[in-house]
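Undergrad: Quick one: structure below, then a few questions.
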Amino acid sequence: MPCAALIAVWLGVSPRTRNGAIRWVVIFGLGSSIVFASKLAFLGWGIGNARLDFTGVSGHTMLATSIWPVALWLMASRWGHAPRVAFAIAGWLLAFVIGVSRLVLEAHSISEVLAGYLMGGIVSITFLAIQHNRPHPKLRWPWVAVSLALPLVFVPIGAPAPTQDLIERIAVRVAHLERPFTRDDLHRH
């Protein structure tokens with residue numbers, strides 16, 4: 001999420017690309033809202049699919065697939081079209097690896113990771129397609145690289161994201177439950 005905010009800042013710095021910042025916030029916000037809604041539906045009401053082992057869109061995969069192609073595309077903003085495309089493709093490959101890591105860690109099922117990759121892909125492809133013929137910011141790549149690394153300084157490696165606990169608390173409160181639904185509950189029914 002800090003990287004998504006950085007993208008908005010990078011685009012919002014220059015008046016030439018400020019509308020791109022607004023577009024990014026709207027497109028990314030819509031994608032993130034769908035992830036949130038899918039998780040809330042499962043955690044609060046048990047809406048999922050046992051056959052597909054689906055409890056909600058993988059947020060890590062969606063965020064990675066939304067953010068990395070756009071961030072790397074912006075890193076190459078001073079270069080021509082071909083390097084920007086190559087950097088965006090590198091972002092999608094990195095996001096794929098992050099999605100696979102969610103499977104290896106058994107944090108998500110294949111269907112959840114695929115849904116996250118698809119949703120994130122829709123976000124990044126939509127944004128990049130809209131931005132293609134619009135002014136590009138002329139960012140210095142070292143500045144982008146350093147700012148992308150800054151969240152690592154403030155978030156300890158391996159620390160769980162606080163968002164899952166927050167979504168669980170919201171689901172319990174909104175659905176008037178004692179505890180959120182779990183994957184075990186999905187497969188018991």
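Letters for chains follow the order of the structure tokens (A, B, ...), residue numbers begin at 1 for each chain, and ligand numbers begin at 1 in the order shown.
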For Val172 in chain A, find every residue with an atom within 6 Å (counting only C-alpha atoms), except residues of its own chain fewer than 6 positions away, and show them as a list in words.

TA: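 Near Val172 in chain A, the qualifying residues are Gly44, Arg179 and Pro180 of chain A.
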
Undergrad: Run DSSP on the backbone of this structure and report the residues of chain A it assigns to helix (DSSP H, G or I), as a VMD selection string.

TA: chain A and resid 2 to 12 18 to 45 59 to 75 81 to 104 110 to 131 141 to 154 162 to 175 183 to 188

Undergrad: Pull the closest atom pair for each residue of range 46-85 of chain A that gets at most 9 Å from range 115-125 of chain A, along with the distance in Å to one decimal, counting only C-alpha atoms, ordering rows by chain and then ascending residue number, as a Markdown table.

TA:
| residue | atom | partner | partner_atom | distance |
| --- | --- | --- | --- | --- |
| A:Gly56 | CA | A:Ala115 | CA | 8.3 |
| A:Val57 | CA | A:Gly116 | CA | 5.1 |
| A:Ser58 | CA | A:Gly116 | CA | 4.8 |
| A:Gly59 | CA | A:Gly116 | CA | 6.4 |
| A:His60 | CA | A:Gly116 | CA | 7.6 |
| A:Thr61 | CA | A:Gly116 | CA | 5.0 |
| A:Met62 | CA | A:Gly116 | CA | 4.1 |
| A:Leu63 | CA | A:Gly120 | CA | 6.3 |
| A:Ala64 | CA | A:Gly120 | CA | 7.2 |
| A:Thr65 | CA | A:Gly120 | CA | 4.5 |
| A:Ser66 | CA | A:Gly120 | CA | 4.3 |
| A:Ile67 | CA | A:Ser124 | CA | 7.0 |
| A:Trp68 | CA | A:Ser124 | CA | 8.5 |
| A:Pro69 | CA | A:Ser124 | CA | 6.6 |
| A:Val70 | CA | A:Ser124 | CA | 6.2 |

Undergrad: Residues within 7 Å of Ala8 in chain A, please, as number ranges by chain. Count only C-alpha atoms; anything in the same chain fewer than 4 positions from it doesn't count.

TA: A: 4, 12, 21, 24-25

Undergrad: Compile the contact shell of range 145-154 of chain A as a list in words: residues with an atom at most 12 Å away, counting only C-alpha atoms, same-chain residues fewer than 2 positions apart removed.

TA: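 Non-adjacent residues within range: Met1, Pro2, Cys3, Ala4, Ala5, Leu6, Ile7, Val9, Trp10, Ile67, Trp68, Val70, Ala71, Leu72, Trp73, Leu74, Met75, Ala76, Leu139, Arg140, Trp141, Pro142, Trp143, Pro156, Ile157, Gly158 and Ala159 of chain A.
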
Undergrad: Using only C-alpha atoms, pick whichever of A:Asn133, A:Thr126, A:Leu93, A:Asp53 has the shortest atom-to-atom distance to Phe28 in chain A.

TA: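 The shortest atom-to-atom distance to Phe28 in chain A comes from A:Thr126.
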
Undergrad: In Å, with one decimal, what is the gap from CA of Phe87 in chain A to CA of Val100 in chain A?

TA: 20.0 Å

Undergrad: Measure the distance from CA of Phe42 in chain A to CA of Phe181 in chain A in Å and round it to one decimal.

TA: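 Taking CA of Phe42 in chain A and CA of Phe181 in chain A, their separation equals 6.6 Å.
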
Undergrad: Out of A:Leu166, A:Ile110, A:Ile22, A:Ala129, which residue has the shortest atom-to-atom distance to Thr55 in chain A when counting only C-alpha atoms?

TA: A:Ile110

Undergrad: Which residue, A:Leu43, A:Ser33, A:Thr17, A:Gly99, has the smallest gap to His176 in chain A when you use only C-alpha atoms?

TA: A:Leu43

Undergrad: Could you list, as an MDAnalysis selection string, every residue within 8 Å of Arg23 in chain A, counting only C-alpha atoms and ignoring same-chain residues fewer than 4 positions away?

TA: chainID A and resid 19 27 127

Undergrad: With N, CA and C atoms retained, could you export that selection as a PDB file, in the first residue's frame?

TA:
ATOM      1  N   ASN A  19      -3.246  14.501 -13.494  1.00  0.00           N
ATOM      2  CA  ASN A  19      -4.458  13.733 -13.809  1.00  0.00           C
ATOM      3  C   ASN A  19      -4.181  12.233 -13.780  1.00  0.00           C
ATOM      4  N   ILE A  27      -8.463   3.875 -10.255  1.00  0.00           N
ATOM      5  CA  ILE A  27      -8.368   2.503 -10.786  1.00  0.00           C
ATOM      6  C   ILE A  27      -7.852   1.559  -9.708  1.00  0.00           C
ATOM      7  N   PHE A 127      -4.559   0.988 -16.286  1.00  0.00           N
ATOM      8  CA  PHE A 127      -3.854   2.241 -16.025  1.00  0.00           C
ATOM      9  C   PHE A 127      -2.810   2.519 -17.103  1.00  0.00           C
TER      10      PHE A 127
END

Undergrad: When you count only C-alpha atoms, which of these residues is closest to Asp184 in chain A: A:Val104, A:Ala50, A:Ala86, A:Ala171?

TA: A:Ala50

Undergrad: In Å, with one decimal, what is the gap from CA of Ser77 in chain A to CA of Ile130 in chain A?

TA: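 Those two atoms sit 15.2 Å apart.
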